[in-house]
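Colleague: Dropping in start-v8.cif, which is mmCIF, C-alpha atoms and all ligand atoms:
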```cif
data_coords
loop_
_atom_site.label_atom_id
_atom_site.label_comp_id
_atom_site.auth_asym_id
_atom_site.auth_seq_id
_atom_site.Cartn_x
_atom_site.Cartn_y
_atom_site.Cartn_z
CA THR A 1 0.71 26.91 -2.04
CA ARG A 2 -2.06 24.95 -3.68
CA PRO A 3 -1.55 21.30 -4.65
CA LEU A 4 -0.94 20.38 -8.29
CA LEU A 5 -3.69 17.75 -8.23
CA GLU A 6 -6.72 17.55 -5.96
CA VAL A 7 -9.18 14.68 -6.09
CA ASN A 8 -12.33 15.35 -4.07
CA ASP A 9 -14.86 12.67 -3.09
CA LEU A 10 -14.33 10.82 -6.37
CA LYS A 11 -16.88 8.12 -7.21
CA LYS A 12 -17.00 5.77 -10.15
CA HIS A 13 -19.89 3.30 -10.19
CA TYR A 14 -20.46 0.95 -13.13
CA ARG A 15 -23.90 -0.39 -13.89
CA ILE A 16 -23.49 -4.10 -14.62
CA ALA A 17 -26.99 -5.53 -14.78
CA GLY A 18 -30.61 -4.99 -13.95
CA GLY A 19 -33.42 -2.94 -15.30
CA LEU A 20 -34.45 -6.00 -17.36
CA PHE A 21 -37.84 -7.43 -16.37
CA GLY A 22 -38.19 -4.55 -13.92
CA GLY A 23 -35.34 -5.87 -11.73
CA LYS A 24 -33.28 -3.50 -9.67
CA PRO A 25 -30.03 -2.42 -11.38
CA SER A 26 -26.70 -3.58 -9.91
CA TYR A 27 -23.60 -1.43 -9.68
CA VAL A 28 -19.92 -2.05 -9.15
CA TYR A 29 -18.76 0.50 -6.58
CA ALA A 30 -15.25 0.59 -8.07
CA VAL A 31 -14.28 3.90 -6.46
CA ASP A 32 -16.55 5.15 -3.71
CA GLY A 33 -15.57 8.52 -2.30
CA VAL A 34 -11.82 8.99 -2.60
CA SER A 35 -10.03 12.28 -1.80
CA PHE A 36 -6.33 13.09 -1.94
CA GLU A 37 -3.80 15.68 -3.12
CA VAL A 38 -0.50 15.52 -5.00
CA ALA A 39 1.98 18.39 -4.63
CA ARG A 40 4.32 19.61 -7.35
CA GLY A 41 7.39 17.40 -7.55
CA GLU A 42 5.88 14.83 -5.20
CA THR A 43 5.37 11.08 -5.62
CA LEU A 44 2.15 9.76 -4.13
CA SER A 45 1.81 5.99 -4.36
CA LEU A 46 -1.62 4.43 -4.55
CA VAL A 47 -1.45 0.85 -3.31
CA GLY A 48 -3.78 -2.07 -2.66
CA GLU A 49 -4.65 -5.51 -4.01
CA SER A 50 -5.94 -5.96 -7.55
CA GLY A 51 -9.56 -4.90 -7.85
CA CYS A 52 -9.38 -2.29 -5.04
CA GLY A 53 -10.05 0.53 -7.53
CA LYS A 54 -6.58 2.09 -7.75
CA SER A 55 -6.36 1.83 -11.56
CA THR A 56 -9.85 3.29 -11.82
CA VAL A 57 -8.67 6.28 -9.77
CA GLY A 58 -5.72 6.66 -12.16
CA ARG A 59 -7.96 6.54 -15.22
CA ALA A 60 -10.39 9.00 -13.65
CA VAL A 61 -7.51 11.40 -12.99
CA LEU A 62 -6.49 11.02 -16.65
CA ARG A 63 -10.09 11.80 -17.67
CA LEU A 64 -10.30 8.58 -19.70
CA PHE A 65 -13.99 8.35 -18.78
CA ASP A 66 -16.69 10.39 -17.09
CA ILE A 67 -16.76 10.01 -13.34
CA THR A 68 -19.97 9.33 -11.42
CA SER A 69 -19.41 12.24 -9.01
CA GLY A 70 -16.70 14.23 -7.29
CA GLN A 71 -13.98 16.52 -8.61
CA VAL A 72 -10.62 16.25 -10.34
CA VAL A 73 -8.81 19.59 -9.97
CA LEU A 74 -5.51 20.40 -11.67
CA ASP A 75 -3.72 23.50 -10.43
CA GLY A 76 -6.95 24.97 -9.10
CA GLN A 77 -8.96 24.26 -12.25
CA ARG A 78 -11.76 21.67 -12.35
CA MET A 79 -11.26 19.02 -15.02
CA ASP A 80 -14.32 16.84 -14.47
CA ASP A 81 -16.53 19.38 -16.26
CA ALA A 82 -13.88 21.18 -18.33
CA SER A 83 -14.33 22.58 -21.85
CA LYS A 84 -12.59 20.97 -24.85
CA ASP A 85 -9.85 23.63 -24.90
CA THR A 86 -9.09 23.23 -21.22
CA LEU A 87 -9.01 19.46 -21.65
CA GLN A 88 -6.49 19.73 -24.48
CA THR A 89 -4.10 21.63 -22.20
CA PHE A 90 -4.86 19.16 -19.43
CA ARG A 91 -3.93 16.24 -21.71
CA ARG A 92 -0.51 17.81 -22.21
CA ARG A 93 0.06 18.51 -18.52
CA VAL A 94 -0.98 15.05 -17.26
CA GLN A 95 0.61 12.06 -18.99
CA VAL A 96 0.54 8.32 -18.37
CA VAL A 97 2.86 5.31 -18.44
CA PHE A 98 1.03 1.98 -18.45
CA GLN A 99 2.13 -1.50 -17.39
CA ASP A 100 2.57 -3.10 -20.79
CA PRO A 101 4.95 -1.07 -22.96
CA PHE A 102 4.43 -3.37 -25.94
CA SER A 103 0.71 -2.97 -26.33
CA SER A 104 0.88 0.78 -25.72
CA LEU A 105 3.37 1.41 -28.57
CA ASN A 106 2.26 1.31 -32.21
CA PRO A 107 4.33 -1.59 -33.67
CA ARG A 108 4.51 0.06 -37.10
CA MET A 109 5.81 3.43 -35.93
CA LYS A 110 9.50 4.22 -35.60
CA VAL A 111 10.57 5.66 -32.26
CA ARG A 112 11.21 9.02 -33.88
CA ASP A 113 7.59 9.24 -35.02
CA ILE A 114 6.27 7.95 -31.69
CA LEU A 115 8.08 10.80 -29.92
CA ALA A 116 7.38 13.43 -32.58
CA GLU A 117 3.62 12.89 -32.40
CA PRO A 118 2.97 14.56 -29.01
CA ILE A 119 5.51 17.31 -29.80
CA ARG A 120 3.53 18.19 -32.95
CA ASN A 121 0.06 17.61 -31.46
CA PHE A 122 0.72 19.97 -28.59
CA GLY A 123 2.51 22.52 -30.78
CA LEU A 124 5.78 22.34 -28.87
CA ALA A 125 8.12 22.83 -31.86
CA ARG A 126 8.15 25.36 -34.70
CA SER A 127 10.11 23.36 -37.29
CA SER A 128 11.02 19.77 -38.04
CA ALA A 129 14.61 20.61 -37.05
CA GLU A 130 13.25 21.58 -33.65
CA VAL A 131 11.23 18.35 -33.47
CA ASP A 132 14.44 16.39 -34.14
CA GLU A 133 16.27 18.35 -31.50
CA ARG A 134 13.57 17.58 -28.95
CA VAL A 135 13.47 13.90 -29.92
CA ASN A 136 17.26 13.64 -29.42
CA LYS A 137 17.00 15.36 -26.05
CA LEU A 138 14.28 12.89 -24.98
CA MET A 139 16.44 9.91 -25.97
CA ASP A 140 19.26 11.36 -23.84
CA LEU A 141 16.90 11.91 -20.90
CA VAL A 142 15.74 8.27 -20.81
CA GLY A 143 19.19 6.82 -21.50
CA LEU A 144 18.65 5.45 -25.02
CA PRO A 145 21.11 5.98 -27.91
CA ARG A 146 20.03 8.65 -30.40
CA GLU A 147 20.53 6.31 -33.40
CA ALA A 148 17.77 4.07 -31.99
CA VAL A 149 15.08 6.54 -33.13
CA LYS A 150 15.14 4.77 -36.51
CA ARG A 151 14.05 1.46 -35.01
CA LEU A 152 10.63 -0.09 -34.39
CA PRO A 153 9.32 -1.02 -30.90
CA HIS A 154 9.85 -4.78 -31.37
CA GLN A 155 13.60 -4.19 -31.81
CA PHE A 156 13.89 -3.18 -28.14
CA SER A 157 13.86 -5.12 -24.85
CA GLY A 158 10.96 -4.73 -22.38
CA GLY A 159 12.91 -2.26 -20.26
CA GLN A 160 13.94 -0.20 -23.30
CA ARG A 161 10.34 -0.12 -24.51
CA GLN A 162 9.29 1.24 -21.14
CA ARG A 163 11.98 3.95 -21.56
CA ILE A 164 10.35 4.84 -24.90
CA CYS A 165 6.95 5.10 -23.19
CA ILE A 166 8.49 7.40 -20.56
CA ALA A 167 10.10 9.51 -23.30
CA ARG A 168 6.75 9.78 -25.06
CA ALA A 169 5.13 10.94 -21.82
CA LEU A 170 7.93 13.49 -21.29
CA ALA A 171 7.59 14.76 -24.88
CA ALA A 172 4.44 16.61 -23.82
CA GLU A 173 6.32 18.45 -21.03
CA PRO A 174 3.92 17.22 -18.36
CA GLU A 175 3.76 18.29 -14.71
CA LEU A 176 2.19 15.02 -13.55
CA ILE A 177 2.70 11.46 -14.79
CA VAL A 178 0.32 8.69 -13.77
CA CYS A 179 2.34 5.46 -13.63
CA ASP A 180 -0.11 2.53 -13.61
CA GLU A 181 1.89 -0.57 -12.60
CA ALA A 182 4.62 0.94 -14.83
CA VAL A 183 7.34 -1.45 -13.65
CA SER A 184 5.24 -4.47 -12.62
CA ALA A 185 5.77 -6.48 -15.81
CA LEU A 186 9.56 -6.03 -15.86
CA ASP A 187 12.32 -8.34 -14.56
CA VAL A 188 13.66 -7.51 -11.11
CA SER A 189 16.93 -5.87 -12.25
CA VAL A 190 15.19 -3.89 -15.01
CA LYS A 191 12.54 -2.79 -12.51
CA ALA A 192 15.21 -1.15 -10.36
CA GLN A 193 16.68 0.66 -13.40
CA ILE A 194 13.33 2.08 -14.45
CA VAL A 195 12.49 3.11 -10.88
CA ASN A 196 15.85 4.93 -10.66
CA LEU A 197 15.22 6.59 -14.02
CA LEU A 198 11.80 7.84 -12.87
CA GLN A 199 13.34 9.23 -9.68
CA ASP A 200 16.15 10.99 -11.57
CA LEU A 201 13.68 12.49 -14.04
CA GLN A 202 11.44 13.62 -11.22
CA ARG A 203 14.30 15.48 -9.53
CA GLU A 204 15.62 16.93 -12.77
CA LEU A 205 12.27 18.07 -14.16
CA GLY A 206 10.28 18.68 -10.95
CA LEU A 207 7.65 16.13 -11.99
CA ALA A 208 4.84 14.90 -9.79
CA LEU A 209 4.07 11.18 -9.98
CA LEU A 210 0.94 9.26 -9.10
CA PHE A 211 2.52 5.84 -8.77
CA ILE A 212 -0.09 3.08 -8.84
CA SER A 213 1.30 -0.27 -7.71
CA HIS A 214 0.47 -3.45 -5.82
CA ASP A 215 4.18 -3.92 -5.04
CA LEU A 216 4.98 -2.33 -1.68
CA ALA A 217 8.67 -3.24 -1.85
CA ILE A 218 9.03 -1.06 -4.99
CA VAL A 219 6.85 1.67 -3.51
CA GLU A 220 9.13 1.89 -0.47
CA HIS A 221 12.02 2.89 -2.77
CA MET A 222 10.00 5.24 -4.87
CA THR A 223 7.65 7.39 -2.94
CA HIS A 224 7.16 10.38 -0.65
CA ARG A 225 3.68 9.46 0.58
CA VAL A 226 1.48 6.37 0.34
CA ALA A 227 -2.31 6.05 0.02
CA VAL A 228 -3.76 2.59 0.71
CA MET A 229 -7.03 1.50 -0.92
CA TYR A 230 -9.42 -1.28 0.02
CA LEU A 231 -12.66 -2.00 -1.85
CA GLY A 232 -12.99 1.40 -3.48
CA LYS A 233 -12.00 3.50 -0.46
CA LEU A 234 -8.87 4.97 1.04
CA VAL A 235 -8.09 3.40 4.42
CA GLU A 236 -4.76 5.12 5.18
CA VAL A 237 -2.66 8.01 3.81
CA ALA A 238 0.72 8.92 5.30
CA PRO A 239 4.32 9.90 4.54
CA LYS A 240 6.31 6.81 3.56
CA ARG A 241 8.43 6.56 6.70
CA GLU A 242 5.39 6.92 8.97
CA LEU A 243 3.38 4.34 7.05
CA PHE A 244 6.09 1.69 6.84
CA ALA A 245 7.25 2.08 10.44
CA ALA A 246 3.92 2.44 12.21
CA PRO A 247 0.87 1.68 10.05
CA ARG A 248 -2.36 2.61 11.83
CA HIS A 249 -4.87 0.60 9.79
CA PRO A 250 -5.20 -3.17 10.30
CA TYR A 251 -5.35 -3.72 6.51
CA THR A 252 -2.11 -1.79 5.91
CA ARG A 253 -0.47 -3.83 8.70
CA ALA A 254 -1.44 -7.06 6.95
CA LEU A 255 -0.17 -5.82 3.57
CA LEU A 256 3.15 -4.66 5.05
CA SER A 257 3.68 -7.85 7.00
CA ALA A 258 4.24 -9.61 3.66
CA VAL A 259 6.93 -7.17 2.45
CA PRO A 260 10.47 -8.53 2.88
CA LEU A 261 12.77 -6.48 5.13
CA PRO A 262 16.02 -5.14 3.63
CA GLU A 263 18.26 -7.33 5.81
CA PRO A 264 18.70 -10.74 4.17
CA GLY A 265 16.52 -13.42 5.72
CA ALA A 266 14.65 -10.94 7.94
CA GLN A 267 10.87 -11.07 7.85
CA ARG A 268 8.10 -9.28 9.70
CA GLU A 269 5.62 -11.28 11.73
CA ARG A 270 3.11 -12.32 9.04
CA ILE A 271 -0.52 -11.28 9.47
CA ILE A 272 -2.68 -13.62 7.41
CA LEU A 273 -6.15 -12.30 6.64
CA LYS A 274 -9.09 -14.66 6.61
CA GLY A 275 -11.26 -14.97 3.49
CA ASP A 276 -11.16 -13.08 0.21
CA VAL A 277 -11.81 -9.47 -0.68
CA PRO A 278 -15.63 -9.12 -0.85
CA SER A 279 -17.30 -8.15 -4.12
CA PRO A 280 -17.47 -4.42 -4.92
CA VAL A 281 -21.04 -5.07 -6.11
CA ASN A 282 -22.21 -5.62 -2.53
CA PRO A 283 -19.55 -4.12 -0.28
CA PRO A 284 -19.98 -4.90 3.45
CA LYS A 285 -21.87 -2.33 5.53
CA GLY A 286 -20.03 -0.33 8.17
CA CYS A 287 -16.27 -0.67 7.74
CA ARG A 288 -15.71 -2.47 4.44
CA PHE A 289 -12.82 -4.36 5.98
CA HIS A 290 -14.79 -5.76 8.95
CA THR A 291 -15.34 -9.21 7.39
CA ARG A 292 -11.57 -9.79 7.41
CA CYS A 293 -10.25 -7.55 10.16
CA PRO A 294 -8.60 -9.30 13.13
CA HIS A 295 -9.61 -6.35 15.38
CA ALA A 296 -13.25 -5.89 14.30
CA PHE A 297 -15.79 -5.08 17.01
CA GLU A 298 -19.51 -4.37 17.08
CA ARG A 299 -19.34 -0.76 15.90
CA CYS A 300 -17.38 -1.81 12.77
CA ARG A 301 -20.36 -3.73 11.39
CA VAL A 302 -22.74 -0.77 11.50
CA GLU A 303 -20.79 2.47 11.23
CA GLU A 304 -18.38 3.46 8.49
CA PRO A 305 -15.11 4.92 9.84
CA GLU A 306 -13.90 8.24 8.43
CA LEU A 307 -10.32 9.21 7.64
CA LYS A 308 -8.95 10.98 10.73
CA ILE A 309 -5.60 12.66 11.16
CA ALA A 310 -2.95 11.68 13.71
CA PRO A 311 0.43 13.38 14.33
CA GLY A 312 2.83 13.23 11.37
CA ASP A 313 0.18 13.97 8.69
CA HIS A 314 -0.98 10.40 9.20
CA TRP A 315 -4.58 9.68 8.13
CA SER A 316 -6.46 6.45 8.77
CA ALA A 317 -10.07 5.28 8.67
CA CYS A 318 -10.57 2.94 11.63
CA HIS A 319 -12.74 3.04 14.76
CA LEU A 320 -9.72 2.02 16.83
CA ASN A 321 -8.61 5.65 16.42
CA ASP A 322 -11.33 6.62 18.90
CA LEU A 323 -10.04 4.33 21.67
CA PRO A 324 -7.69 5.63 24.38
CA LEU A 325 -4.10 5.20 23.19
CA ALA A 326 -3.40 2.45 25.72
CA GLU A 327 -6.22 0.35 24.24
CA ASN A 328 -5.37 0.89 20.57
CA PRO A 329 -3.23 -1.99 19.25
CA MET A 330 -2.40 0.10 16.14
CA VAL A 331 -0.14 2.63 17.87
CA THR A 332 2.71 0.16 18.34
CA PRO A 333 5.38 -0.22 15.65
CA LEU A 334 5.05 -3.21 13.33
CA ALA A 335 6.58 -6.28 14.99
CA SER A 336 9.53 -7.85 13.19
FE1 LIG B 1 -11.02 -3.26 11.70
FE2 LIG B 1 -13.07 -1.97 12.77
FE3 LIG B 1 -10.87 -0.64 12.16
FE4 LIG B 1 -12.48 -1.55 10.25
S1 LIG B 1 -12.96 0.01 11.75
S2 LIG B 1 -10.30 -1.68 10.28
S3 LIG B 1 -13.15 -3.48 11.13
S4 LIG B 1 -11.08 -2.26 13.69
MG MG B 2 -4.90 -2.48 -11.97
#
```
As structure tokens, how would this structure be written, given the file I've shared?
Ligand code: SF4
Ligand code: MG
Modeller:
Amino acid sequence: TRPLLEVNDLKKHYRIAGGLFGGKPSYVYAVDGVSFEVARGETLSLVGESGCGKSTVGRAVLRLFDITSGQVVLDGQRMDDASKDTLQTFRRRVQVVFQDPFSSLNPRMKVRDILAEPIRNFGLARSSAEVDERVNKLMDLVGLPREAVKRLPHQFSGGQRQRICIARALAAEPELIVCDEAVSALDVSVKAQIVNLLQDLQRELGLALLFISHDLAIVEHMTHRVAVMYLGKLVEVAPKRELFAAPRHPYTRALLSAVPLPEPGAQRERIILKGDVPSPVNPPKGCRFHTRCPHAFERCRVEEPELKIAPGDHWSACHLNDLPLAENPMVTPLAS
């Protein structure tokens, strides 16, 4: 069966300067050749530090801007060069929940109108009685009282507002929801509630989620597979259990070493990376991670590693993959 979403060699480069006085233009290589798939009903988490390009991937998938090159394919149909009609259907099938529920809700609109808007725009109800029926059903789905449809966004808590944003996304009857740091701004206990809600909805409605987050502890509860980004590229893609137990990329190992273990007081052996993430304007040659990698060797400075598959549907982009197993320090489980 074909995947619901396919992203093929996606690039998004922003021109930031140059051309003036005949100077050479400069570009931000925000996303630089990213490919992945999301199956129906699956959660794929896209993780990495801020500035790695994960939100740009999310916005490209949502078709919020034109991409530089590559393909975004929904259910076998290309969206990067789609007609207006196709895009209208696409906008119904792929919805989004952003980080800040306050700024993404119109403060002057009552919840009823916020939820009725997509139902009307996408022609999903034949009468206003049917709109009301759908609005009530949405309130039930996200665990808000039906009477609350008469209220304005500011009359709700942060967690409740995020429930409204989820209801608005669901109003369009989507197959995929892009969640861009959707729980990151919420308090710890509220975070867990919203994560549970998303999981329940996913099971009930068969939704696929592209869950963009810098918070690996949340991702571990949430996801089926994980894709790790560094400086505009994917460095590792694997099923959750595989990735958390035996990460194969040195960058993933460093990220995971900072995630608390479930047992109280337990901690993995911390891997501290030297230096900062380099600028995406002038990314390092060869492996983009070589300036910070504790395992870098000569080849890493000149040749870019490609994503290669290992048993367990486990992809990673690292030259250590080409070493004999006995010499590859990445095949051991993460030390705790
Ligand atoms: Fe480190 Fe080299 Fe692997 Fe890059 S290719 S992650 S620099 S060992
Ligand atoms: Mg972001």
Colleague: Excluding Gln88 (chain A) and any residue of its chain fewer than 5 positions from it, enumerate the residues within 12 Å of it, using only C-alpha atoms, and give them as a count of residues only.
Modeller: 13
Colleague: Could you list, as a list in words, every residue within 8 Å of Phe98 (chain A), counting all atoms listed in the file and ignoring same-chain residues fewer than 2 positions away?
Modeller: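 Contacts, with the query itself left out: Val96, Asp100, Pro101, Ser104, Cys179, Asp180, Glu181 and Ala182 of chain A.
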Colleague: Give one line per residue of chain A that approaches ligand LIG 1 (chain B) to at most 12 Å, naming the two atoms of the closest pair and their distance in Å to one decimal, counting only C-alpha atoms and all ligand atoms; sort by chain then ascending residue number and deliver it as a tab-separated table.
Modeller:
```
residue	atom	partner	partner_atom	distance
A:Tyr230	CA	B:LIG1	S2	10.3
A:Lys233	CA	B:LIG1	FE4	11.9
A:Leu234	CA	B:LIG1	S2	11.5
A:Val235	CA	B:LIG1	S2	8.1
A:Glu236	CA	B:LIG1	S2	10.1
A:Pro247	CA	B:LIG1	S2	11.7
A:Arg248	CA	B:LIG1	FE3	9.1
A:His249	CA	B:LIG1	S2	5.9
A:Pro250	CA	B:LIG1	S2	5.3
A:Tyr251	CA	B:LIG1	S2	6.5
A:Thr252	CA	B:LIG1	S2	9.3
A:Arg253	CA	B:LIG1	S2	10.2
A:Ala254	CA	B:LIG1	S2	10.9
A:Leu273	CA	B:LIG1	FE1	11.4
A:Pro284	CA	B:LIG1	S3	10.4
A:Lys285	CA	B:LIG1	S3	10.4
A:Gly286	CA	B:LIG1	FE4	7.9
A:Cys287	CA	B:LIG1	FE4	4.6
A:Arg288	CA	B:LIG1	FE4	6.7
A:Phe289	CA	B:LIG1	FE4	5.1
A:His290	CA	B:LIG1	S3	3.6
A:Thr291	CA	B:LIG1	S3	7.2
A:Arg292	CA	B:LIG1	S3	7.5
A:Cys293	CA	B:LIG1	FE1	4.6
A:Pro294	CA	B:LIG1	FE1	6.7
A:His295	CA	B:LIG1	S4	4.7
A:Ala296	CA	B:LIG1	S3	4.0
A:Phe297	CA	B:LIG1	FE2	5.9
A:Glu298	CA	B:LIG1	FE2	8.1
A:Arg299	CA	B:LIG1	FE2	7.1
A:Cys300	CA	B:LIG1	FE2	4.3
A:Arg301	CA	B:LIG1	S3	7.2
A:Val302	CA	B:LIG1	S1	9.8
A:Glu303	CA	B:LIG1	S1	8.2
A:Glu304	CA	B:LIG1	S1	7.2
A:Pro305	CA	B:LIG1	S1	5.7
A:Glu306	CA	B:LIG1	S1	8.9
A:Leu307	CA	B:LIG1	S1	10.4
A:Lys308	CA	B:LIG1	S1	11.7
A:Ser316	CA	B:LIG1	FE3	9.0
A:Ala317	CA	B:LIG1	S1	6.8
A:Cys318	CA	B:LIG1	FE3	3.6
A:His319	CA	B:LIG1	S1	4.3
A:Leu320	CA	B:LIG1	S4	5.5
A:Asn321	CA	B:LIG1	FE3	7.9
A:Asp322	CA	B:LIG1	S1	9.9
A:Leu323	CA	B:LIG1	S4	10.4
A:Glu327	CA	B:LIG1	S4	11.9
A:Asn328	CA	B:LIG1	S4	9.5
A:Pro329	CA	B:LIG1	S4	9.6
A:Met330	CA	B:LIG1	S4	9.3
```
Colleague: Keeping only C-alpha atoms, write those residues as a CSV table (one decimal), in the frame of the given file.
Modeller:
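Okay, this is what ended up in selection-v1.csv:
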```
chain,number,residue,atom,x,y,z
A,230,TYR,CA,-9.4,-1.3,0.0
A,233,LYS,CA,-12.0,3.5,-0.5
A,234,LEU,CA,-8.9,5.0,1.0
A,235,VAL,CA,-8.1,3.4,4.4
A,236,GLU,CA,-4.8,5.1,5.2
A,247,PRO,CA,0.9,1.7,10.0
A,248,ARG,CA,-2.4,2.6,11.8
A,249,HIS,CA,-4.9,0.6,9.8
A,250,PRO,CA,-5.2,-3.2,10.3
A,251,TYR,CA,-5.4,-3.7,6.5
A,252,THR,CA,-2.1,-1.8,5.9
A,253,ARG,CA,-0.5,-3.8,8.7
A,254,ALA,CA,-1.4,-7.1,7.0
A,273,LEU,CA,-6.2,-12.3,6.6
A,284,PRO,CA,-20.0,-4.9,3.4
A,285,LYS,CA,-21.9,-2.3,5.5
A,286,GLY,CA,-20.0,-0.3,8.2
A,287,CYS,CA,-16.3,-0.7,7.7
A,288,ARG,CA,-15.7,-2.5,4.4
A,289,PHE,CA,-12.8,-4.4,6.0
A,290,HIS,CA,-14.8,-5.8,9.0
A,291,THR,CA,-15.3,-9.2,7.4
A,292,ARG,CA,-11.6,-9.8,7.4
A,293,CYS,CA,-10.2,-7.6,10.2
A,294,PRO,CA,-8.6,-9.3,13.1
A,295,HIS,CA,-9.6,-6.4,15.4
A,296,ALA,CA,-13.2,-5.9,14.3
A,297,PHE,CA,-15.8,-5.1,17.0
A,298,GLU,CA,-19.5,-4.4,17.1
A,299,ARG,CA,-19.3,-0.8,15.9
A,300,CYS,CA,-17.4,-1.8,12.8
A,301,ARG,CA,-20.4,-3.7,11.4
A,302,VAL,CA,-22.7,-0.8,11.5
A,303,GLU,CA,-20.8,2.5,11.2
A,304,GLU,CA,-18.4,3.5,8.5
A,305,PRO,CA,-15.1,4.9,9.8
A,306,GLU,CA,-13.9,8.2,8.4
A,307,LEU,CA,-10.3,9.2,7.6
A,308,LYS,CA,-9.0,11.0,10.7
A,316,SER,CA,-6.5,6.4,8.8
A,317,ALA,CA,-10.1,5.3,8.7
A,318,CYS,CA,-10.6,2.9,11.6
A,319,HIS,CA,-12.7,3.0,14.8
A,320,LEU,CA,-9.7,2.0,16.8
A,321,ASN,CA,-8.6,5.6,16.4
A,322,ASP,CA,-11.3,6.6,18.9
A,323,LEU,CA,-10.0,4.3,21.7
A,327,GLU,CA,-6.2,0.4,24.2
A,328,ASN,CA,-5.4,0.9,20.6
A,329,PRO,CA,-3.2,-2.0,19.2
A,330,MET,CA,-2.4,0.1,16.1
```
Colleague: I'd like the contact shell of Asp66 (chain A) - 12 Å cut-off, only C-alpha atoms, skipping same-chain residues fewer than 4 positions apart - returned as a list in words.
Modeller: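 After dropping sequence-adjacent residues, the list is Leu10, Lys11, Lys12, His13, Tyr14, Thr56, Val57, Arg59, Ala60, Val61, Leu62, Gly70, Gln71, Val72, Met79, Asp80, Asp81 and Ala82 of chain A.
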Colleague: Mind writing the picked residues with C-alpha atoms as a PDB file, in the coordinates of the input?
Modeller:
```pdb
ATOM      1  CA  LEU A  10     -14.330  10.820  -6.370  1.00  0.00           C
ATOM      2  CA  LYS A  11     -16.880   8.120  -7.210  1.00  0.00           C
ATOM      3  CA  LYS A  12     -17.000   5.770 -10.150  1.00  0.00           C
ATOM      4  CA  HIS A  13     -19.890   3.300 -10.190  1.00  0.00           C
ATOM      5  CA  TYR A  14     -20.460   0.950 -13.130  1.00  0.00           C
ATOM      6  CA  THR A  56      -9.850   3.290 -11.820  1.00  0.00           C
ATOM      7  CA  VAL A  57      -8.670   6.280  -9.770  1.00  0.00           C
ATOM      8  CA  ARG A  59      -7.960   6.540 -15.220  1.00  0.00           C
ATOM      9  CA  ALA A  60     -10.390   9.000 -13.650  1.00  0.00           C
ATOM     10  CA  VAL A  61      -7.510  11.400 -12.990  1.00  0.00           C
ATOM     11  CA  LEU A  62      -6.490  11.020 -16.650  1.00  0.00           C
ATOM     12  CA  GLY A  70     -16.700  14.230  -7.290  1.00  0.00           C
ATOM     13  CA  GLN A  71     -13.980  16.520  -8.610  1.00  0.00           C
ATOM     14  CA  VAL A  72     -10.620  16.250 -10.340  1.00  0.00           C
ATOM     15  CA  MET A  79     -11.260  19.020 -15.020  1.00  0.00           C
ATOM     16  CA  ASP A  80     -14.320  16.840 -14.470  1.00  0.00           C
ATOM     17  CA  ASP A  81     -16.530  19.380 -16.260  1.00  0.00           C
ATOM     18  CA  ALA A  82     -13.880  21.180 -18.330  1.00  0.00           C
TER      19      ALA A  82
END
```
Colleague: What is the CA of Ser55 (chain A) to CA of Val226 (chain A) distance in Å?
Modeller: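 These atoms are spaced 15.0 Å apart.
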Colleague: Counting all atoms listed in the file, name the residues that have an atom within 9 Å of an atom of ligand MG 2 (chain B); the answer should be given as a PDB file with C-alpha atoms, in the coordinates of the input.
Modeller:
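Final output, saved to out_5.pdb:
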```
ATOM      1  CA  GLU A  49      -4.650  -5.510  -4.010  1.00  0.00           C
ATOM      2  CA  SER A  50      -5.940  -5.960  -7.550  1.00  0.00           C
ATOM      3  CA  GLY A  51      -9.560  -4.900  -7.850  1.00  0.00           C
ATOM      4  CA  CYS A  52      -9.380  -2.290  -5.040  1.00  0.00           C
ATOM      5  CA  GLY A  53     -10.050   0.530  -7.530  1.00  0.00           C
ATOM      6  CA  LYS A  54      -6.580   2.090  -7.750  1.00  0.00           C
ATOM      7  CA  SER A  55      -6.360   1.830 -11.560  1.00  0.00           C
ATOM      8  CA  THR A  56      -9.850   3.290 -11.820  1.00  0.00           C
ATOM      9  CA  GLN A  99       2.130  -1.500 -17.390  1.00  0.00           C
ATOM     10  CA  ASP A 180      -0.110   2.530 -13.610  1.00  0.00           C
ATOM     11  CA  GLU A 181       1.890  -0.570 -12.600  1.00  0.00           C
ATOM     12  CA  ILE A 212      -0.090   3.080  -8.840  1.00  0.00           C
ATOM     13  CA  SER A 213       1.300  -0.270  -7.710  1.00  0.00           C
ATOM     14  CA  HIS A 214       0.470  -3.450  -5.820  1.00  0.00           C
TER      15      HIS A 214
END
```
Colleague: Skipping near chain neighbours, those fewer than 5 positions away, what residues fall within 12 Å of Gln77 (chain A) using all atoms listed in the file, listed as a VMD selection string?
Modeller: chain A and resid 2 to 7 71 to 72 82 to 83 86 to 87 89 to 90
Colleague: Neighbours of region 40-48 of chain A within 6 Å (all atoms listed in the file; same-chain residues fewer than 3 positions away dropped), as a ChimeraX atom specification?
Modeller: /A:4,206-214,223-229
Colleague: For a cut-off of 12 Å around (10.1, 12.3, -34.7), file coordinates, pick out all residues using all atoms listed in the file and list them as a ChimeraX atom specification.
Modeller: /A:109-121,125,127-139,146,148-151,167-168,171
Colleague: Find the residue from A:Pro239, A:Gly23, A:Pro333, A:Pro153 that sits nearest to Leu105 (chain A); use only C-alpha atoms when measuring.
Modeller: A:Pro153
Colleague: How far is it from CA of Ala246 (chain A) to CA of Ala192 (chain A), in Å with one decimal?
Modeller: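 Rounded to one decimal, the two atoms are 25.5 Å apart.
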Colleague: Would you work out the distance separating CA of Arg163 (chain A) from CA of Val73 (chain A), expressed in Å to one decimal?
Modeller: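 CA of Arg163 (chain A) sits 28.5 Å away from CA of Val73 (chain A).
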Colleague: Select, from A:Ile166, A:Glu173, A:Ser103, A:Phe36, the residue with the minimum atom-to-atom distance to Trp315 (chain A), counting only C-alpha atoms.
Modeller: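 Among A:Ile166, A:Glu173, A:Ser103, A:Phe36, it is A:Phe36 that comes nearest to Trp315 (chain A).
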